[in-house]
file protein-v3.cif (mmCIF, C-alpha atoms)
data_final
loop_
_atom_site.label_atom_id
_atom_site.label_comp_id
_atom_site.auth_asym_id
_atom_site.auth_seq_id
_atom_site.Cartn_x
_atom_site.Cartn_y
_atom_site.Cartn_z
CA MET O 146 0.00 0.00 0.00
CA ASP O 147 2.90 2.39 0.69
CA GLN O 148 4.17 1.93 -2.86
CA ILE O 149 0.74 2.39 -4.41
CA LEU O 150 0.04 5.68 -2.63
CA SER O 151 3.60 6.92 -2.85
CA GLY O 152 3.73 10.56 -3.96
CA VAL O 153 0.15 11.46 -2.99
CA PRO O 154 0.32 14.53 -0.69
CA GLY O 155 -1.20 14.41 2.79
CA VAL O 156 -1.52 10.59 2.87
CA LEU O 157 -0.04 8.22 5.48
CA CYS O 158 -0.24 4.42 5.38
CA TYR O 159 0.24 1.74 8.01
CA LEU O 160 -0.39 -1.79 6.74
CA ASP O 161 -3.91 -1.56 5.23
CA ASP O 162 -4.94 1.62 7.09
CA ILE O 163 -4.96 4.91 5.16
CA LEU O 164 -4.98 8.38 6.76
CA VAL O 165 -5.81 11.35 4.52
CA THR O 166 -5.17 14.84 5.94
CA GLY O 167 -5.36 18.47 4.79
CA LYS O 168 -4.86 22.00 6.08
CA ASP O 169 -8.43 22.98 5.16
CA GLU O 170 -11.54 21.41 3.69
CA GLU O 171 -10.55 22.18 0.09
CA GLU O 172 -7.10 20.61 0.41
CA HIS O 173 -8.57 17.65 2.25
CA LEU O 174 -11.06 16.94 -0.55
CA ARG O 175 -8.32 17.29 -3.17
CA ASN O 176 -6.10 14.77 -1.36
CA LEU O 177 -9.06 12.42 -0.86
CA ASP O 178 -9.92 12.48 -4.58
CA ALA O 179 -6.29 11.77 -5.50
CA THR O 180 -6.21 8.82 -3.07
CA LEU O 181 -9.43 7.25 -4.38
CA GLN O 182 -8.29 7.73 -7.99
CA ARG O 183 -4.94 6.02 -7.24
CA LEU O 184 -6.76 3.05 -5.67
CA ARG O 185 -9.08 2.87 -8.67
CA ASP O 186 -6.11 2.86 -11.07
CA TYR O 187 -4.67 -0.18 -9.29
CA GLY O 188 -8.03 -1.99 -9.15
CA LEU O 189 -8.46 -1.66 -5.37
CA ARG O 190 -11.68 -0.95 -3.47
CA VAL O 191 -12.55 0.29 0.04
CA ARG O 192 -15.52 -0.61 2.23
CA LYS O 193 -17.72 2.37 3.02
CA ASP O 194 -18.73 1.05 6.44
CA LYS O 195 -15.04 1.01 7.49
CA CYS O 196 -14.38 4.58 6.36
CA ALA O 197 -14.78 7.76 8.39
CA PHE O 198 -14.83 11.08 6.54
CA PHE O 199 -14.38 14.68 7.71
CA GLN O 200 -13.22 13.80 11.24
CA SER O 201 -11.71 16.55 13.40
CA SER O 202 -9.78 13.94 15.42
CA ILE O 203 -9.16 10.21 15.23
CA GLU O 204 -7.88 7.56 17.62
CA TYR O 205 -5.15 5.54 16.00
CA LEU O 206 -2.58 3.12 17.45
CA GLY O 207 -3.27 4.13 21.04
CA HIS O 208 -3.08 7.87 20.33
CA VAL O 209 -5.45 10.68 19.44
CA ILE O 210 -4.50 12.77 16.40
CA ASP O 211 -6.06 16.21 15.94
CA ALA O 212 -5.11 19.72 14.84
CA GLN O 213 -3.19 20.32 18.06
CA GLY O 214 -0.94 17.27 17.63
CA LEU O 215 -0.53 13.76 19.09
CA HIS O 216 -2.08 12.77 22.46
CA LYS O 217 -2.46 9.62 24.50
CA ALA O 218 -5.77 7.89 23.99
CA PRO O 219 -7.93 8.28 27.15
CA SER O 220 -9.46 4.84 26.59
CA LYS O 221 -6.03 3.20 26.82
CA VAL O 222 -5.10 5.13 29.95
CA LYS O 223 -8.42 4.20 31.57
CA ALA O 224 -7.93 0.53 30.74
CA ILE O 225 -4.63 0.53 32.58
CA LEU O 226 -5.98 2.40 35.59
CA ASP O 227 -9.08 0.17 35.85
CA ALA O 228 -7.18 -3.08 35.42
CA PRO O 229 -8.31 -5.65 38.02
CA VAL O 230 -5.97 -6.85 40.73
CA PRO O 231 -4.49 -10.30 39.93
CA GLN O 232 -6.13 -13.08 41.97
CA ASN O 233 -3.79 -16.03 41.18
CA VAL O 234 -0.56 -14.55 42.53
CA ARG O 235 2.23 -17.10 43.10
CA ASN O 236 5.95 -16.84 43.70
CA ILE O 237 8.35 -17.35 40.83
CA PRO O 238 9.92 -20.78 41.14
CA GLN O 239 13.58 -20.96 41.99
CA LEU O 240 15.91 -21.58 39.08
CA ALA O 241 16.99 -25.14 38.60
CA PRO O 242 20.73 -25.91 38.76
CA LEU O 243 22.59 -25.83 35.48
CA HIS O 244 23.42 -29.21 34.02
CA PRO O 245 25.79 -28.74 31.08
CA TRP O 246 26.58 -31.42 28.58
CA ASP O 247 29.90 -33.23 28.71
CA TRP O 248 32.33 -31.77 26.23
CA PRO O 249 33.42 -34.43 23.71
CA GLU O 250 37.18 -34.77 23.36
CA GLU O 251 37.01 -35.52 19.63
CA ALA O 252 35.54 -33.60 16.73
CA TRP O 253 32.28 -34.75 15.18
CA HIS O 254 31.57 -37.00 18.16
CA ARG O 255 28.22 -35.34 18.95
CA ILE O 256 26.28 -32.94 16.73
CA HIS O 257 23.20 -30.85 17.49
CA VAL O 258 20.51 -30.43 14.83
CA ASP O 259 17.59 -27.98 14.63
CA PHE O 260 15.58 -25.98 12.12
CA ALA O 261 15.62 -22.16 11.84
CA GLY O 262 13.17 -20.03 9.91
CA PRO O 263 11.16 -19.46 7.92
CA PHE O 264 13.09 -16.67 6.24
CA GLU O 265 12.23 -15.60 2.69
CA ASP O 266 10.18 -18.77 2.23
CA ARG O 267 13.15 -20.95 3.18
CA MET O 268 14.01 -23.12 6.17
CA PHE O 269 17.53 -23.69 7.42
CA LEU O 270 18.76 -26.99 8.81
CA VAL O 271 21.49 -26.02 11.31
CA MET O 272 24.02 -28.64 12.47
CA VAL O 273 26.67 -27.75 15.07
CA ASP O 274 29.58 -29.90 16.23
CA ALA O 275 29.68 -30.01 20.06
CA HIS O 276 33.50 -30.24 20.16
CA SER O 277 34.50 -27.43 17.82
CA LYS O 278 31.18 -25.53 17.50
CA TRP O 279 31.62 -25.80 13.73
CA PRO O 280 28.27 -24.97 12.03
CA GLU O 281 26.85 -26.57 8.91
CA VAL O 282 23.72 -24.96 7.39
CA ALA O 283 21.55 -26.43 4.65
CA ILE O 284 18.92 -24.29 2.89
CA MET O 285 15.69 -26.23 2.36
CA LYS O 286 12.37 -25.50 0.69
CA SER O 287 10.71 -28.56 2.24
CA THR O 288 11.35 -29.94 5.72
CA THR O 289 9.91 -33.41 5.30
CA ALA O 290 11.65 -36.41 6.78
CA GLY O 291 12.94 -37.49 3.36
CA LYS O 292 14.48 -34.08 2.56
CA THR O 293 16.01 -33.85 6.04
CA ILE O 294 17.58 -37.31 5.67
CA GLU O 295 18.94 -36.25 2.27
CA LYS O 296 20.70 -33.19 3.74
CA LEU O 297 22.05 -35.17 6.69
CA GLY O 298 23.42 -37.77 4.29
CA GLU O 299 25.29 -35.07 2.35
CA VAL O 300 26.90 -33.76 5.53
CA PHE O 301 27.76 -37.27 6.76
CA SER O 302 29.44 -38.01 3.43
CA ARG O 303 31.86 -35.10 3.99
CA PHE O 304 32.56 -35.38 7.73
CA GLY O 305 31.57 -38.97 8.49
CA SER O 306 28.80 -40.28 10.71
CA PRO O 307 28.78 -38.93 14.28
CA LEU O 308 28.32 -41.10 17.34
CA GLN O 309 25.44 -39.02 18.72
CA LEU O 310 22.83 -36.71 17.22
CA VAL O 311 20.88 -34.34 19.48
CA SER O 312 17.58 -32.80 18.35
CA ASP O 313 14.18 -31.72 19.59
CA ASN O 314 10.94 -33.61 19.05
CA GLY O 315 10.23 -32.26 15.60
CA PRO O 316 7.98 -34.53 13.52
CA GLN O 317 10.58 -35.09 10.83
CA LEU O 318 13.28 -35.81 13.43
CA VAL O 319 11.28 -38.42 15.36
CA SER O 320 9.77 -40.13 12.32
CA GLN O 321 10.33 -43.81 11.56
CA GLU O 322 12.37 -42.92 8.48
CA MET O 323 14.79 -40.83 10.57
CA THR O 324 15.06 -43.58 13.20
CA THR O 325 15.91 -46.16 10.53
CA PHE O 326 18.45 -43.82 8.89
CA LEU O 327 20.29 -43.18 12.16
CA GLN O 328 20.30 -46.86 13.12
CA VAL O 329 21.78 -47.88 9.78
CA ASN O 330 24.59 -45.32 10.22
CA GLY O 331 25.19 -46.28 13.86
CA VAL O 332 24.16 -42.90 15.28
CA GLN O 333 22.62 -42.60 18.74
CA HIS O 334 19.65 -40.22 18.71
CA ILE O 335 19.30 -37.97 21.79
CA ARG O 336 16.24 -35.74 21.92
CA ASN O 337 17.32 -32.66 23.83
CA THR O 338 18.91 -29.24 23.30
CA PRO O 339 22.23 -28.68 25.12
CA HIS O 340 24.68 -25.78 24.96
CA ALA O 341 28.43 -25.58 25.59
CA THR O 342 31.29 -23.15 24.93
CA THR O 343 34.97 -23.40 24.14
CA LYS O 344 37.74 -20.85 23.90
CA ALA O 345 38.92 -22.01 20.48
CA SER O 346 37.59 -21.29 17.02
CA PRO O 347 35.47 -24.01 15.40
CA ALA O 348 37.77 -24.32 12.38
CA SER O 349 40.91 -24.84 14.46
CA LEU O 350 39.28 -27.61 16.50
CA LEU O 351 37.61 -29.40 13.60
CA MET O 352 39.98 -28.78 10.68
CA LYS O 353 43.13 -28.26 12.76
CA ARG O 354 43.64 -24.95 10.98
CA GLU O 355 42.08 -21.51 10.63
CA LEU O 356 39.90 -21.05 7.55
CA ARG O 357 40.45 -17.77 5.74
CA THR O 358 37.29 -15.70 5.23
CA SER O 359 36.47 -12.14 4.22
CA PHE O 360 36.54 -11.14 7.90
CA ASP O 361 40.30 -11.78 7.90
CA LEU O 362 40.68 -8.59 5.86
CA LEU O 363 39.70 -6.64 8.98
CA ARG O 364 42.64 -8.05 10.92
CA PRO O 365 45.94 -6.15 11.00
CA PRO O 366 48.62 -7.56 8.69
CA THR O 367 51.09 -10.09 10.03
CA THR O 368 54.78 -9.46 10.51
CA LYS O 369 55.59 -11.24 7.26
CA GLU O 370 53.18 -9.07 5.27
CA ILE O 371 54.58 -5.90 6.85
CA VAL O 372 58.15 -6.91 5.99
CA GLN O 373 57.16 -7.76 2.42
CA ARG O 374 55.46 -4.37 1.96
CA GLN O 375 58.49 -2.55 3.34
CA GLN O 376 60.79 -4.50 1.04
CA GLU O 377 58.61 -3.70 -1.96
CA ARG O 378 58.74 -0.01 -1.08
CA GLN O 379 62.52 -0.17 -0.71
CA VAL O 380 62.83 -1.82 -4.12
CA GLU O 381 60.52 0.80 -5.63
CA ARG O 382 62.48 3.71 -4.15
CA ARG O 383 65.77 2.16 -5.22
CA GLY O 384 64.45 1.62 -8.74
CA PHE O 385 64.37 5.35 -9.49
CA LYS O 386 68.15 5.62 -9.32
CA ALA O 387 69.26 2.02 -9.76
CA LYS O 388 70.54 0.37 -12.92
CA ASP O 389 70.78 -3.33 -13.61
CA ARG O 390 74.37 -4.43 -14.17
CA GLU O 391 75.46 -7.98 -14.81
CA PHE O 392 78.92 -9.50 -15.03
CA ASN O 393 79.72 -12.79 -16.74
CA PRO O 394 82.29 -15.32 -15.48
CA GLY O 395 85.71 -14.57 -16.98
CA GLU O 396 84.98 -10.87 -17.44
CA THR O 397 87.67 -8.41 -16.34
CA VAL O 398 86.45 -5.82 -13.84
CA LEU O 399 87.68 -3.34 -11.27
CA ALA O 400 86.88 -4.50 -7.74
CA ARG O 401 86.57 -2.29 -4.68
CA ASN O 402 89.57 -2.68 -2.39
CA TYR O 403 89.00 -2.22 1.35
CA LEU O 404 92.64 -2.94 2.27
CA ASN O 405 95.69 -0.74 2.02
CA GLY O 406 96.48 0.35 -1.50
CA PRO O 407 94.47 1.54 -4.47
CA LYS O 408 90.75 1.91 -4.04
CA TRP O 409 90.01 -0.11 -7.19
CA VAL O 410 92.11 -3.07 -8.30
CA PRO O 411 91.86 -5.23 -11.43
CA ALA O 412 90.10 -8.57 -10.96
CA LYS O 413 88.38 -11.30 -12.92
CA VAL O 414 84.86 -12.60 -12.26
CA ILE O 415 84.90 -16.29 -11.30
CA ALA O 416 81.22 -16.97 -10.62
CA GLN O 417 77.95 -15.33 -9.66
CA SER O 418 77.19 -16.22 -6.04
CA GLY O 419 73.83 -14.47 -5.79
CA PRO O 420 71.37 -12.24 -7.61
CA VAL O 421 73.66 -9.20 -7.21
CA SER O 422 76.83 -10.72 -5.70
CA TYR O 423 79.89 -12.15 -7.44
CA THR O 424 83.09 -14.00 -6.60
CA VAL O 425 86.17 -12.34 -8.13
CA GLN O 426 89.90 -13.14 -8.23
CA THR O 427 92.48 -10.37 -8.08
CA THR O 428 95.84 -10.32 -9.86
CA GLU O 429 97.40 -11.54 -6.61
CA ASP O 430 95.18 -14.67 -6.69
CA THR O 431 93.07 -13.37 -3.81
CA ILE O 432 89.42 -14.44 -3.78
CA TRP O 433 86.91 -11.73 -2.87
CA LYS O 434 83.13 -11.64 -2.68
CA ARG O 435 81.76 -8.37 -3.96
CA HIS O 436 78.36 -6.82 -4.50
CA ALA O 437 77.48 -5.48 -7.95
CA ASP O 438 77.78 -1.97 -6.51
CA GLN O 439 81.40 -2.81 -5.59
CA LEU O 440 82.39 -3.77 -9.15
CA LEU O 441 83.12 -1.63 -12.18
CA SER O 442 83.39 -2.69 -15.76
CA SER O 443 86.94 -2.62 -17.11
CA LYS O 444 85.78 -0.11 -19.72
CA ALA O 445 84.66 2.37 -17.02
CA ALA O 446 87.02 4.31 -14.79
CA PRO O 447 86.34 4.96 -11.09
CA THR O 448 84.35 8.12 -10.53
CA GLU O 449 85.96 8.94 -7.17
CA PRO O 450 89.61 10.04 -6.81
CA THR O 451 91.98 7.52 -5.25
CA ILE O 452 93.35 8.61 -1.90
CA VAL O 453 96.93 7.53 -1.18
CA SER O 454 98.09 7.41 2.41
CA GLY O 455 101.58 8.82 1.76
CA GLN O 456 104.38 9.54 -0.68
CA ASP O 457 106.38 6.50 0.29
CA LEU O 458 103.44 4.15 -0.28
CA LEU O 459 102.80 5.55 -3.76
CA LEU O 460 106.51 5.52 -4.75
CA GLY O 461 106.89 2.03 -3.34
CA GLU O 462 103.97 0.74 -5.40
CA ASN O 463 105.30 2.38 -8.57
CA GLN O 464 108.75 0.93 -8.01
CA SER O 465 107.39 -2.54 -7.35
CA GLU O 466 105.17 -2.39 -10.43
CA HIS O 467 107.87 -1.11 -12.86
CA SER O 468 110.96 -2.81 -11.37
CA PRO O 469 112.34 -5.77 -13.37
CA PRO O 470 112.03 -9.29 -11.93
CA PRO O 471 114.95 -10.66 -9.88
CA ARG O 472 117.88 -12.15 -11.75
CA GLY O 473 117.48 -15.82 -12.45
CA SER O 474 113.67 -15.74 -12.33
CA GLN O 475 111.15 -15.42 -15.11
CA ALA O 476 108.22 -13.07 -15.03
CA PRO O 477 104.92 -15.01 -14.87
CA PRO O 478 102.74 -14.71 -17.96
CA GLN O 479 99.92 -12.25 -17.56
CA ASP O 480 96.49 -12.21 -19.09
CA PRO O 481 96.22 -9.41 -21.72
CA ASP O 482 92.83 -8.33 -20.32
CA VAL O 483 94.18 -8.10 -16.80
CA THR O 484 97.25 -6.18 -18.02
CA ASN O 485 95.11 -3.64 -19.87
CA SER O 486 92.84 -3.18 -16.82
CA LYS O 487 95.87 -2.71 -14.60
CA GLN O 488 97.34 -0.11 -16.96
CA MET O 489 93.99 1.71 -16.98
CA CYS O 490 93.92 1.72 -13.16
CA ASP O 491 97.53 3.09 -13.10
CA GLU O 492 96.62 5.87 -15.50
CA THR O 493 93.62 6.76 -13.32
CA LEU O 494 95.85 6.86 -10.26
CA MET O 495 98.32 9.18 -12.03
CA GLN O 496 95.46 11.48 -13.07
CA THR O 497 93.78 11.67 -9.67
CA THR O 498 96.98 11.80 -7.56
CA GLN O 499 99.64 14.45 -8.21
CA LEU O 500 103.21 13.24 -7.57
CA PRO O 501 105.53 15.58 -5.66
CA THR O 502 108.11 17.47 -7.74
CA PRO O 503 111.72 18.18 -6.70
CA GLU O 504 110.89 21.86 -6.23
CA SER O 505 108.01 21.09 -3.88
CA THR O 506 110.24 18.62 -2.02
CA ALA O 507 112.93 21.26 -1.52
CA GLU O 508 110.39 23.80 -0.34
CA HIS O 509 109.01 21.25 2.08
CA LYS O 510 112.46 20.61 3.50
CA ASN O 511 113.06 24.35 3.92
CA GLY O 512 109.81 24.66 5.79
CA VAL O 513 108.04 26.64 3.06
CA ASN O 514 104.94 25.25 1.43
CA GLU O 515 102.59 27.50 -0.52
CA ASN O 516 99.74 24.96 -0.48
CA GLN O 517 100.01 24.36 3.23
CA VAL O 518 96.62 24.67 4.91
CA GLU O 519 96.36 26.31 8.28
CA SER O 520 95.36 24.13 11.19
CA ARG O 521 91.67 24.05 11.91
CA TYR O 522 92.14 24.27 15.67
CA PRO O 523 94.56 26.66 17.51
CA THR O 524 97.72 25.33 19.08
CA ARG O 525 97.10 24.03 22.54
CA GLU O 526 98.86 26.08 25.19
CA ARG O 527 99.88 24.09 28.23
CA ARG O 528 100.09 25.87 31.55
CA ALA O 529 101.20 24.73 34.98
CA PRO O 530 98.37 24.16 37.46
CA MET O 531 97.67 26.94 39.91
CA ARG O 532 97.85 25.80 43.49
CA MET O 533 96.18 27.45 46.45
CA ASN O 534 98.50 28.55 49.27
CA LEU O 535 96.72 27.41 52.39
#
call {"tool": "encode", "arguments": {"input": "protein-v3.cif", "output": "structure tokens"}}
result
Amino acid sequence: MDQILSGVPGVLCYLDDILVTGKDEEEHLRNLDATLQRLRDYGLRVRKDKCAFFQSSIEYLGHVIDAQGLHKAPSKVKAILDAPVPQNVRNIPQLAPLHPWDWPEEAWHRIHVDFAGPFEDRMFLVMVDAHSKWPEVAIMKSTTAGKTIEKLGEVFSRFGSPLQLVSDNGPQLVSQEMTTFLQVNGVQHIRNTPHATTKASPASLLMKRELRTSFDLLRPPTTKEIVQRQQERQVERRGFKAKDREFNPGETVLARNYLNGPKWVPAKVIAQSGPVSYTVQTTEDTIWKRHADQLLSSKAAPTEPTIVSGQDLLLGENQSEHSPPPRGSQAPPQDPDVTNSKQMCDETLMQTTQLPTPESTAEHKNGVNENQVESRYPTRERRAPMRMNL
């Protein structure tokens, strides 16, 4: 009725009751004509003996409605005030002690069965495991004994037959067909309705695991998911300035040296030990493990200047590199690629490090050095402690 009279001004509906209002007699008649015409369009009729027209006030749902507003119906108030005193007064019986069911130690040992509904012309057969509280629900149009046995058989085929089945005294649950079905499957039928609680989820007790549902999306992420998201963000941020570089076994490279000497030394890639890590061998047959960021292609020169600790170290390295081999010994054969890389590293060292000249050496000996930088901190002045004459 609400949908039929929707849009008609001054009309209120409650179930099959219709209230037509108006500010004055003219508006009231106009709203009444529109209401009767809408009912006629939908093929509906009203009984004249159940209608009341041109009422200044009406009593509806325990209230009086008039031009002044909504009031309590006097007839309802009078009925409450004139209510007779109860004659069969008796004390409320004391509550009986609680008798809970024994909790089965195994899953699907005892199940409880009952019907719920109707809801939207459907009935629901609810089965709950007493051990895990795991629910199974079957939607049914008909609740006959045959249909109920059919649904129970489907559940038993998935979980197995229980030892006990608890139900009320519903006609389909106490029928001869149900009794025969349970006896064939070796199920004891208990007609009662117990209740028990556990502190574990039904899935973990029955399936020995937690079943993932849409409600899991409301839970905060686990530590593993947080770490994975942070790693993905790190990879994404690094990707803006990173460049994929790969080195093949046998390729000549310049490896970062963290020992005394040049910052980059020639080496040869032996194997790839990880996604971005390699095992290299230097010209001195030393095995290093280096990250891809710690390797340079032999065709590229180091971008940072090489810092030498002192003049003697640099002169000593140059003398050892260019001095002939001892008498009576043969120089070991060198790989051409390694020799070229070593020459390139030497040229880079000569370009980034300026060797001292004889003039600068003489000036240094005389105590004069034009490029000498003043000390950052003033010279410390040591004074004798002042003692108090007591």
call {"tool": "resolve_selection", "arguments": {"input": "protein-v3.cif", "expression": "the PyMOL selection byres ((chain O and resi 263) around 12)", "output": "PyMOL selection string"}}
result
chain O and resi 260-262+264-270+284-288
call {"tool": "residues_around", "arguments": {"input": "protein-v3.cif", "residues": "stretch 251-254 of chain O", "least_positions_apart": "4", "cutoff": "7 Å", "atoms": "all atoms listed in the file", "output": "list in words"}}
result
Asp274, His276, Ser277, Pro307, Leu308, Gln309 and Leu351 of chain O
call {"tool": "write_last_selection", "arguments": {"input": "protein-v3.cif", "atoms": "C-alpha atoms", "output": "PDB file, keeping the file's coordinate frame"}}
result
ATOM      1  CA  ASP O 274      29.580 -29.900  16.230  1.00  0.00           C
ATOM      2  CA  HIS O 276      33.500 -30.240  20.160  1.00  0.00           C
ATOM      3  CA  SER O 277      34.500 -27.430  17.820  1.00  0.00           C
ATOM      4  CA  PRO O 307      28.780 -38.930  14.280  1.00  0.00           C
ATOM      5  CA  LEU O 308      28.320 -41.100  17.340  1.00  0.00           C
ATOM      6  CA  GLN O 309      25.440 -39.020  18.720  1.00  0.00           C
ATOM      7  CA  LEU O 351      37.610 -29.400  13.600  1.00  0.00           C
TER       8      LEU O 351
END
call {"tool": "resolve_selection", "arguments": {"input": "protein-v3.cif", "expression": "the PyMOL selection byres ((chain O and resi 273) around 9)", "output": "short mmCIF file (atom, residue, chain, number, x, y, z; two decimals) with C-alpha atoms, keeping the file's coordinate frame"}}
result
data_model
loop_
_atom_site.label_atom_id
_atom_site.label_comp_id
_atom_site.auth_asym_id
_atom_site.auth_seq_id
_atom_site.Cartn_x
_atom_site.Cartn_y
_atom_site.Cartn_z
CA TRP O 253 32.28 -34.75 15.18
CA ARG O 255 28.22 -35.34 18.95
CA ILE O 256 26.28 -32.94 16.73
CA HIS O 257 23.20 -30.85 17.49
CA VAL O 258 20.51 -30.43 14.83
CA VAL O 271 21.49 -26.02 11.31
CA MET O 272 24.02 -28.64 12.47
CA ASP O 274 29.58 -29.90 16.23
CA ALA O 275 29.68 -30.01 20.06
CA HIS O 276 33.50 -30.24 20.16
CA SER O 277 34.50 -27.43 17.82
CA LYS O 278 31.18 -25.53 17.50
CA TRP O 279 31.62 -25.80 13.73
CA PRO O 280 28.27 -24.97 12.03
CA GLU O 281 26.85 -26.57 8.91
CA VAL O 282 23.72 -24.96 7.39
#
call {"tool": "residues_around", "arguments": {"input": "protein-v3.cif", "residues": "stretch 165-180 of chain O", "least_positions_apart": "4", "cutoff": "9 Å", "atoms": "all atoms listed in the file", "output": "PyMOL selection string"}}
result
chain O and resi 150+153-158+184-185+199
call {"tool": "atom_distance", "arguments": {"input": "protein-v3.cif", "atom1": "atom CA of O:Gln417", "atom2": "atom CA of O:Ala387"}}
result
19.4 Å
call {"tool": "atom_distance", "arguments": {"input": "protein-v3.cif", "atom1": "atom CA of O:Gln379", "atom2": "atom CA of O:Asn393"}}
result
26.7 Å
call {"tool": "atom_distance", "arguments": {"input": "protein-v3.cif", "atom1": "atom CA of O:Tyr423", "atom2": "atom CA of O:Arg435"}}
result
5.5 Å
call {"tool": "resolve_selection", "arguments": {"input": "protein-v3.cif", "expression": "the PyMOL selection byres ((chain O and resi 202) around 10)", "output": "mmCIF file with C-alpha atoms, in the frame of the given file"}}
result
data_model
loop_
_atom_site.group_PDB
_atom_site.id
_atom_site.type_symbol
_atom_site.label_atom_id
_atom_site.label_comp_id
_atom_site.auth_asym_id
_atom_site.auth_seq_id
_atom_site.Cartn_x
_atom_site.Cartn_y
_atom_site.Cartn_z
ATOM 1 C CA PHE O 199 -14.380 14.680 7.710
ATOM 2 C CA GLN O 200 -13.220 13.800 11.240
ATOM 3 C CA SER O 201 -11.710 16.550 13.400
ATOM 4 C CA ILE O 203 -9.160 10.210 15.230
ATOM 5 C CA GLU O 204 -7.880 7.560 17.620
ATOM 6 C CA TYR O 205 -5.150 5.540 16.000
ATOM 7 C CA VAL O 209 -5.450 10.680 19.440
ATOM 8 C CA ILE O 210 -4.500 12.770 16.400
ATOM 9 C CA ASP O 211 -6.060 16.210 15.940
ATOM 10 C CA ALA O 212 -5.110 19.720 14.840
ATOM 11 C CA GLN O 213 -3.190 20.320 18.060
ATOM 12 C CA GLY O 214 -0.940 17.270 17.630
ATOM 13 C CA LEU O 215 -0.530 13.760 19.090
#
call {"tool": "decode", "arguments": {"input": "protein-v3.cif", "residues": "stretch 530-534 of chain O", "atoms": "all heavy atoms", "output": "tab-separated table (two decimals), in the first residue's frame"}}
result
chain	number	residue	atom	x	y	z
O	530	PRO	N	99.56	23.98	36.62
O	530	PRO	CA	98.37	24.16	37.46
O	530	PRO	C	98.62	25.18	38.53
O	530	PRO	O	99.71	25.32	39.08
O	530	PRO	CB	98.15	22.76	38.02
O	530	PRO	CG	99.47	22.11	37.96
O	530	PRO	CD	100.17	22.64	36.77
O	531	MET	N	97.59	25.94	38.85
O	531	MET	CA	97.67	26.94	39.91
O	531	MET	C	97.23	26.31	41.22
O	531	MET	O	96.17	25.72	41.32
O	531	MET	CB	96.74	28.13	39.56
O	531	MET	CG	97.13	28.85	38.28
O	531	MET	SD	96.01	30.20	37.90
O	531	MET	CE	96.31	31.24	39.34
O	532	ARG	N	98.11	26.43	42.19
O	532	ARG	CA	97.85	25.80	43.49
O	532	ARG	C	97.47	26.87	44.49
O	532	ARG	O	97.95	27.99	44.46
O	532	ARG	CB	99.09	25.03	43.98
O	532	ARG	CG	99.54	23.97	42.97
O	532	ARG	CD	100.74	23.21	43.49
O	532	ARG	NE	101.21	22.23	42.52
O	532	ARG	CZ	100.69	21.04	42.37
O	532	ARG	NH1	99.68	20.64	43.13
O	532	ARG	NH2	101.21	20.21	41.46
O	533	MET	N	96.64	26.52	45.43
O	533	MET	CA	96.18	27.45	46.45
O	533	MET	C	97.12	27.37	47.67
O	533	MET	O	97.44	26.26	48.12
O	533	MET	CB	94.75	27.11	46.91
O	533	MET	CG	93.73	27.20	45.78
O	533	MET	SD	92.08	26.78	46.29
O	533	MET	CE	91.80	28.10	47.47
O	534	ASN	N	97.60	28.49	48.09
O	534	ASN	CA	98.50	28.55	49.27
O	534	ASN	C	97.66	28.60	50.52
O	534	ASN	O	97.10	29.64	50.89
O	534	ASN	CB	99.40	29.77	49.16
O	534	ASN	CG	100.31	29.70	47.94
O	534	ASN	OD1	100.69	28.59	47.56
O	534	ASN	ND2	100.62	30.84	47.36
